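Chemist: The structure that follows is given in the form of structure tokens.
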Amino acid sequence: MPPSRLLPLAAQHVLAMIAAPVSTVFLVADGLRLPPDRTAALLGATLVLCGAGALLQSFGVLRIGARLPFMMLPGGAAAAIFLQIARAHGAATASGAVLLAAALLLAVLPVYGRIVRFFPPLVMGTTVLVIGIDMVAATAPMAAAGSAPALVTVAATALGLLLLRGVWRQLSVLLGLAVGTAAAALAGAPFRAVPGDGVLALPRLLPYGTPHFDLLAALPLLVFALASLAEATGQTVLTSEAVGRTPQPSRDVPRTVRADAVASLAAGLFGGTTMVTSAENIGIVRLTGVRSRLVTAAAGALLMACGLLAPVARLVAALPVPVVGGAALVLYAVIAAMGVDMLRRTDLADRAASTVVALALLAGLLPVLTPRLYAPLPGWAHALLGSGVPAAALTAAVLSALFHRLDANRRTPAPVGTH
């Protein structure tokens, strides 16, 4: 493919996914109260990791990477859990949790088939719904710092999602950021000054200090890492079908997850959150009919170039906080809607299924609505139940497996005795 055709197609993939890492980095930076220069450094490192992950998934090395046209980005739900851990135990412990979660993924891949069955759409849908609600609650203070620019950003993004089509619709978040930034400038909202005059910026190793490993604190992210196996399975099958390759989950899903785990190990060392393979570019593959892995590999190279160019990172890091908060509100509301869509694949008229969803939502939303509810409990119980996402995931997984086992026992006929 000649460069004159390759570069525009690669840029299309970059533009379709760039809003996710930008908004995630701003959310983490705001939650950790990072100064603008460290925000720019974190953004640069994240873009480099997104690019390296795309290259790894596109080409595949030593069974690491699915050799499919995948892009990679920091998981929005994982970012919420990262922030919860950082607020409760410190950023070094949150980085340690990212490393532990990546190591866990690598360790469980040999028994992948046995684990993924514990996370059916019922469990994943409830978990994703709670993630979206929890993220909206965490992001709202960013938008509240400047209501007018934030509301303009939300309105512009929503109109783009409703009225635009094709690739332009996928750029709705970026268009919303642009309109919100213009509104903030007209309203006289402050833009953050980002110091620095260099051209190249290398990622900072261990920006929060030496990672601290605390299994109890990391438990929410460990549970989410296991649950992500189901999502990785669906994305790998969808992309295989999109490029005309016969899906082979037993072969390709472990390769997809290995690349996610390797990128997440690097993210933990450079201050980022868990990295996941993105399904956002599947629509572009279907829309354009371009199935070449060279396109996503070139997109990965563009992302790495953007991350290493300091002026680009400084420019993005200077955006007003309310504008980024408004865009993030839409993104995480969409995540909640994805959870509802997953739950539609479950027969909620079934009493057992509706009971699982109700109790899992209760477990997940109580920490969001009443954060001090579990304060009197011991530390381990507070860490397990006081975070909405792992509480919902564990409740849904355990109850789903329990009801499935009880139902199977009821359906098994009793052995006929001999006389």
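By convention here, the chains of the structure tokens are called A, B, ... in the order presented, each chain's residues are numbered starting at 1, and ligands are numbered starting at 1 in the order presented.
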Which polymer residues have any atom within 12 Å of an atom of Asp134 of chain A, counting only C-alpha atoms, with same-chain residues fewer than 3 positions away left out, as JSON, numbers by chain?

Modeler: {"A": [76, 77, 78, 79, 80, 81, 83, 84, 127, 128, 129, 130, 131, 137, 138, 139, 140, 329, 332, 333, 335, 336, 361, 364, 365, 366, 367, 368, 369, 371, 387, 388, 389, 390, 392]}

Chemist: Going by DSSP on the backbone, which bits of segment 7-230 of chain A are helix (DSSP H, G or I)? Write them as a PyMOL selection string, please.

Modeler: chain A and resi 7-17+19-31+36-59+76-89+91-116+121-144+147-163+166-170+172-186+215-230

Chemist: Show me, as number ranges by chain, the residues that have an atom within 7 Å of Ala201 of chain A when counting only C-alpha atoms, minus same-chain residues fewer than 4 positions from it.

Modeler: A: 308-310

Chemist: Between atom CA of Leu205 of chain A and atom CA of Phe270 of chain A, what is the spacing in Å?

Modeler: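 Computed distance, atom CA of Phe270 of chain A to atom CA of Leu205 of chain A, equals 4.9 Å.
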
Chemist: Considering only strand (DSSP E) as DSSP defines it on the backbone, what residues of segment 69-186 of chain A qualify? List them as a count of residues only.

Modeler: 4

Chemist: What is the distance, in Å and to one decimal place, between atom CA of Gly160 of chain A and atom CA of Ala178 of chain A?

Modeler: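 According to the coordinates, atom CA of Gly160 of chain A and atom CA of Ala178 of chain A are separated by 12.0 Å.
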
Chemist: Find the residues around Ala143 of chain A up to 12 Å (only C-alpha atoms counted), leave out those fewer than 2 positions away in its own chain, and share them as a PyMOL selection string.

Modeler: chain A and resi 26-27+30+136-141+145-154+180+320-330

Chemist: Need to verify the contact set: Leu348 of chain A, 9 Å, only C-alpha atoms, exclusion of same-chain residues closer than 6 positions in sequence. Can you return it as a list in words?

Modeler: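 The contact residues come out as Ser354, Thr355 and Val357 of chain A.
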
Chemist: Next, dump the selected residues to file, keeping only N, CA, C and O atoms, as a compact mmCIF listing (two decimals), in the first residue's frame.

Modeler:
```
# COMPACT_ATOMS: atom_id res chain seq x y z
N SER A 354 -33.04 -11.90 37.13
CA SER A 354 -33.41 -10.59 37.67
C SER A 354 -32.93 -10.42 39.10
O SER A 354 -32.55 -9.32 39.52
N THR A 355 -32.92 -11.50 39.87
CA THR A 355 -32.42 -11.43 41.25
C THR A 355 -30.93 -11.13 41.27
O THR A 355 -30.45 -10.31 42.08
N VAL A 357 -29.16 -9.56 38.95
CA VAL A 357 -28.95 -8.17 38.54
C VAL A 357 -29.31 -7.21 39.67
O VAL A 357 -28.57 -6.26 39.97
```

Chemist: Can you work out the spacing between atom CA of Leu269 of chain A and atom CA of Thr24 of chain A in Å, to one decimal?

Modeler: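 For atom CA of Leu269 of chain A relative to atom CA of Thr24 of chain A, the distance reads 17.2 Å.
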
Chemist: Which is closer to Val262 of chain A than all the others in A:Leu7, A:Ala103, A:Leu303, A:Val14, using only C-alpha atoms?

Modeler: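 Nearest candidate to Val262 of chain A out of A:Leu7, A:Ala103, A:Leu303, A:Val14: A:Ala103.
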
Chemist: Which polymer residues have any atom within 10 Å of an atom of Ala91 of chain A, counting only C-alpha atoms, with same-chain residues fewer than 2 positions away left out, as number ranges by chain?

Modeler: A: 32, 82-89, 93-97, 207-212, 271

Chemist: Convert the current residue selection to file output with all heavy atoms, as a compact mmCIF listing (two decimals), in the first residue's frame.

Modeler:
```
# COMPACT_ATOMS: atom_id res chain seq x y z
N LEU A 32 -5.58 12.62 40.69
CA LEU A 32 -4.35 12.58 41.46
C LEU A 32 -3.76 13.97 41.70
O LEU A 32 -2.68 14.09 42.30
CB LEU A 32 -3.30 11.73 40.71
CG LEU A 32 -3.66 10.25 40.49
CD1 LEU A 32 -2.53 9.54 39.77
CD2 LEU A 32 -3.96 9.56 41.82
N PHE A 82 -8.43 2.27 39.11
CA PHE A 82 -7.10 2.80 39.41
C PHE A 82 -7.22 4.01 40.34
O PHE A 82 -6.48 4.13 41.33
CB PHE A 82 -6.41 3.19 38.10
CG PHE A 82 -5.04 3.79 38.26
CD1 PHE A 82 -3.91 2.99 38.23
CD2 PHE A 82 -4.87 5.16 38.42
CE1 PHE A 82 -2.64 3.53 38.37
CE2 PHE A 82 -3.61 5.71 38.55
CZ PHE A 82 -2.49 4.90 38.53
N LEU A 83 -8.15 4.91 40.03
CA LEU A 83 -8.32 6.10 40.86
C LEU A 83 -8.83 5.75 42.25
O LEU A 83 -8.41 6.35 43.25
CB LEU A 83 -9.29 7.07 40.18
CG LEU A 83 -8.70 8.01 39.14
CD1 LEU A 83 -9.78 8.90 38.55
CD2 LEU A 83 -7.60 8.87 39.75
N GLN A 84 -9.74 4.79 42.33
CA GLN A 84 -10.24 4.37 43.64
C GLN A 84 -9.11 3.84 44.51
O GLN A 84 -9.01 4.16 45.70
CB GLN A 84 -11.32 3.31 43.46
CG GLN A 84 -12.61 3.83 42.86
CD GLN A 84 -13.58 2.71 42.52
OE1 GLN A 84 -13.22 1.54 42.51
NE2 GLN A 84 -14.81 3.07 42.21
N ILE A 85 -8.25 3.03 43.92
CA ILE A 85 -7.11 2.48 44.67
C ILE A 85 -6.15 3.60 45.05
O ILE A 85 -5.65 3.65 46.19
CB ILE A 85 -6.40 1.41 43.84
CG1 ILE A 85 -7.34 0.23 43.55
CG2 ILE A 85 -5.14 0.91 44.56
CD1 ILE A 85 -6.77 -0.79 42.59
N ALA A 86 -5.88 4.52 44.11
CA ALA A 86 -4.94 5.61 44.39
C ALA A 86 -5.44 6.51 45.51
O ALA A 86 -4.66 6.95 46.36
CB ALA A 86 -4.70 6.42 43.11
N ARG A 87 -6.73 6.80 45.51
CA ARG A 87 -7.28 7.68 46.55
C ARG A 87 -7.24 7.02 47.92
O ARG A 87 -7.02 7.68 48.94
CB ARG A 87 -8.72 8.06 46.20
CG ARG A 87 -8.83 9.06 45.06
CD ARG A 87 -10.26 9.17 44.57
NE ARG A 87 -10.38 10.16 43.50
CZ ARG A 87 -11.36 10.19 42.62
NH1 ARG A 87 -12.30 9.26 42.67
NH2 ARG A 87 -11.40 11.12 41.68
N ALA A 88 -7.45 5.71 47.95
CA ALA A 88 -7.48 5.00 49.23
C ALA A 88 -6.11 4.60 49.73
O ALA A 88 -5.86 4.60 50.94
CB ALA A 88 -8.38 3.76 49.11
N HIS A 89 -5.19 4.27 48.81
CA HIS A 89 -3.92 3.70 49.23
C HIS A 89 -2.69 4.38 48.63
O HIS A 89 -1.57 4.00 48.96
CB HIS A 89 -3.87 2.21 48.85
CG HIS A 89 -5.02 1.41 49.39
ND1 HIS A 89 -5.07 0.94 50.68
CD2 HIS A 89 -6.18 1.01 48.80
CE1 HIS A 89 -6.20 0.28 50.87
NE2 HIS A 89 -6.89 0.30 49.75
N THR A 93 0.61 2.40 45.12
CA THR A 93 -0.14 1.15 45.27
C THR A 93 -1.01 0.89 44.05
O THR A 93 -1.18 -0.26 43.62
CB THR A 93 -1.01 1.22 46.53
OG1 THR A 93 -0.17 1.46 47.67
CG2 THR A 93 -1.78 -0.08 46.74
N ALA A 94 -1.56 1.96 43.45
CA ALA A 94 -2.36 1.80 42.23
C ALA A 94 -1.51 1.28 41.09
O ALA A 94 -1.93 0.41 40.32
CB ALA A 94 -3.02 3.13 41.86
N SER A 95 -0.27 1.79 40.96
CA SER A 95 0.64 1.28 39.93
C SER A 95 0.98 -0.19 40.20
O SER A 95 1.05 -1.00 39.27
CB SER A 95 1.91 2.12 39.89
OG SER A 95 1.66 3.39 39.34
N GLY A 96 1.19 -0.53 41.44
CA GLY A 96 1.44 -1.91 41.79
C GLY A 96 0.27 -2.81 41.43
O GLY A 96 0.44 -3.95 40.99
N ALA A 97 -0.97 -2.29 41.60
CA ALA A 97 -2.16 -3.06 41.26
C ALA A 97 -2.22 -3.32 39.75
O ALA A 97 -2.63 -4.41 39.32
CB ALA A 97 -3.41 -2.32 41.71
N PRO A 207 6.82 7.35 37.81
CA PRO A 207 6.56 8.73 38.22
C PRO A 207 6.00 8.87 39.62
O PRO A 207 6.08 9.95 40.22
CB PRO A 207 5.53 9.21 37.18
CG PRO A 207 4.87 7.96 36.71
CD PRO A 207 5.93 6.90 36.74
N TYR A 208 5.44 7.80 40.20
CA TYR A 208 4.89 7.87 41.56
C TYR A 208 5.81 7.20 42.57
O TYR A 208 5.42 6.98 43.72
CB TYR A 208 3.52 7.18 41.61
CG TYR A 208 2.59 7.56 40.49
CD1 TYR A 208 1.98 6.59 39.70
CD2 TYR A 208 2.34 8.90 40.19
CE1 TYR A 208 1.14 6.92 38.66
CE2 TYR A 208 1.49 9.25 39.15
CZ TYR A 208 0.90 8.25 38.39
OH TYR A 208 0.06 8.59 37.35
N GLY A 209 7.02 6.87 42.15
CA GLY A 209 7.94 6.16 43.02
C GLY A 209 7.85 4.66 42.80
O GLY A 209 7.16 4.18 41.90
N THR A 210 8.55 3.91 43.62
CA THR A 210 8.55 2.45 43.49
C THR A 210 7.15 1.90 43.74
O THR A 210 6.52 2.22 44.74
CB THR A 210 9.52 1.83 44.51
OG1 THR A 210 10.82 2.38 44.32
CG2 THR A 210 9.58 0.31 44.34
N PRO A 211 6.63 1.07 42.80
CA PRO A 211 5.28 0.51 43.00
C PRO A 211 5.18 -0.29 44.30
O PRO A 211 6.11 -1.02 44.68
CB PRO A 211 5.09 -0.40 41.78
CG PRO A 211 6.02 0.15 40.75
CD PRO A 211 7.20 0.67 41.51
N HIS A 212 4.04 -0.16 44.96
CA HIS A 212 3.79 -0.88 46.20
C HIS A 212 2.76 -1.97 45.92
O HIS A 212 1.70 -1.70 45.35
CB HIS A 212 3.26 0.07 47.28
CG HIS A 212 2.94 -0.62 48.57
ND1 HIS A 212 1.67 -0.69 49.09
CD2 HIS A 212 3.73 -1.29 49.43
CE1 HIS A 212 1.69 -1.37 50.22
NE2 HIS A 212 2.93 -1.74 50.45
N GLY A 271 3.29 4.87 35.01
CA GLY A 271 2.26 5.65 35.69
C GLY A 271 0.88 5.57 35.10
O GLY A 271 -0.01 6.31 35.53
```

Chemist: For Ala353 of chain A, which residue among A:Leu385, A:Leu73, A:Leu315, A:Thr126 is the nearest when counting only C-alpha atoms?

Modeler: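 Using only C-alpha atoms, the shortest distance to Ala353 of chain A belongs to A:Thr126.
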
Chemist: Taking only C-alpha atoms into account, which of A:Val48, A:Phe224, A:Ala11, A:Val253 comes nearest Leu238 of chain A?

Modeler: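 For Leu238 of chain A, the nearest of the given residues is A:Val253.
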
Chemist: Do a neighbour search on Arg5 of chain A at 12 Å with only C-alpha atoms, toss out local chain neighbours closer than 3 positions, and write the hits as a VMD selection string.

Modeler: chain A and resid 1 to 2 8 to 12 290 292 294 to 295 298

Chemist: Using N, CA, C and O atoms, can you export the residues from the last selection as an mmCIF file, in the first residue's frame?

Modeler:
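Okay, this is what ended up in part-v8.cif:
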```
data_model
loop_
_atom_site.group_PDB
_atom_site.id
_atom_site.type_symbol
_atom_site.label_atom_id
_atom_site.label_comp_id
_atom_site.auth_asym_id
_atom_site.auth_seq_id
_atom_site.Cartn_x
_atom_site.Cartn_y
_atom_site.Cartn_z
ATOM 1 N N MET A 1 0.850 -1.188 0.000
ATOM 2 C CA MET A 1 0.000 0.000 0.000
ATOM 3 C C MET A 1 0.890 1.244 0.000
ATOM 4 O O MET A 1 1.759 1.376 0.856
ATOM 5 N N PRO A 2 0.700 2.159 -0.967
ATOM 6 C CA PRO A 2 1.544 3.351 -1.018
ATOM 7 C C PRO A 2 1.285 4.280 0.167
ATOM 8 O O PRO A 2 0.169 4.315 0.704
ATOM 9 N N PRO A 8 -3.496 8.397 5.317
ATOM 10 C CA PRO A 8 -4.863 8.846 5.654
ATOM 11 C C PRO A 8 -5.694 7.770 6.344
ATOM 12 O O PRO A 8 -6.455 8.064 7.267
ATOM 13 N N LEU A 9 -5.548 6.513 5.898
ATOM 14 C CA LEU A 9 -6.296 5.435 6.542
ATOM 15 C C LEU A 9 -5.839 5.244 7.984
ATOM 16 O O LEU A 9 -6.652 4.983 8.882
ATOM 17 N N ALA A 10 -4.521 5.366 8.228
ATOM 18 C CA ALA A 10 -4.007 5.243 9.592
ATOM 19 C C ALA A 10 -4.484 6.402 10.456
ATOM 20 O O ALA A 10 -4.878 6.218 11.615
ATOM 21 N N ALA A 11 -4.459 7.618 9.898
ATOM 22 C CA ALA A 11 -4.911 8.790 10.655
ATOM 23 C C ALA A 11 -6.382 8.650 11.037
ATOM 24 O O ALA A 11 -6.809 9.099 12.104
ATOM 25 N N GLN A 12 -7.163 8.009 10.165
ATOM 26 C CA GLN A 12 -8.580 7.790 10.448
ATOM 27 C C GLN A 12 -8.756 6.950 11.710
ATOM 28 O O GLN A 12 -9.587 7.244 12.568
ATOM 29 N N VAL A 290 -11.226 -1.936 4.455
ATOM 30 C CA VAL A 290 -9.771 -2.067 4.476
ATOM 31 C C VAL A 290 -9.400 -2.960 5.652
ATOM 32 O O VAL A 290 -9.576 -2.587 6.811
ATOM 33 N N SER A 292 -6.292 -4.463 6.131
ATOM 34 C CA SER A 292 -4.850 -4.638 6.266
ATOM 35 C C SER A 292 -4.371 -4.308 7.678
ATOM 36 O O SER A 292 -4.718 -3.260 8.240
ATOM 37 N N LEU A 294 -1.419 -3.514 8.187
ATOM 38 C CA LEU A 294 -0.455 -2.427 8.009
ATOM 39 C C LEU A 294 -1.075 -1.080 8.383
ATOM 40 O O LEU A 294 -0.372 -0.170 8.820
ATOM 41 N N VAL A 295 -2.385 -0.949 8.195
ATOM 42 C CA VAL A 295 -3.045 0.320 8.505
ATOM 43 C C VAL A 295 -3.011 0.580 10.009
ATOM 44 O O VAL A 295 -2.643 1.675 10.460
ATOM 45 N N ALA A 298 0.518 1.316 11.100
ATOM 46 C CA ALA A 298 0.885 2.706 10.808
ATOM 47 C C ALA A 298 0.217 3.660 11.786
ATOM 48 O O ALA A 298 0.809 4.666 12.208
#
```
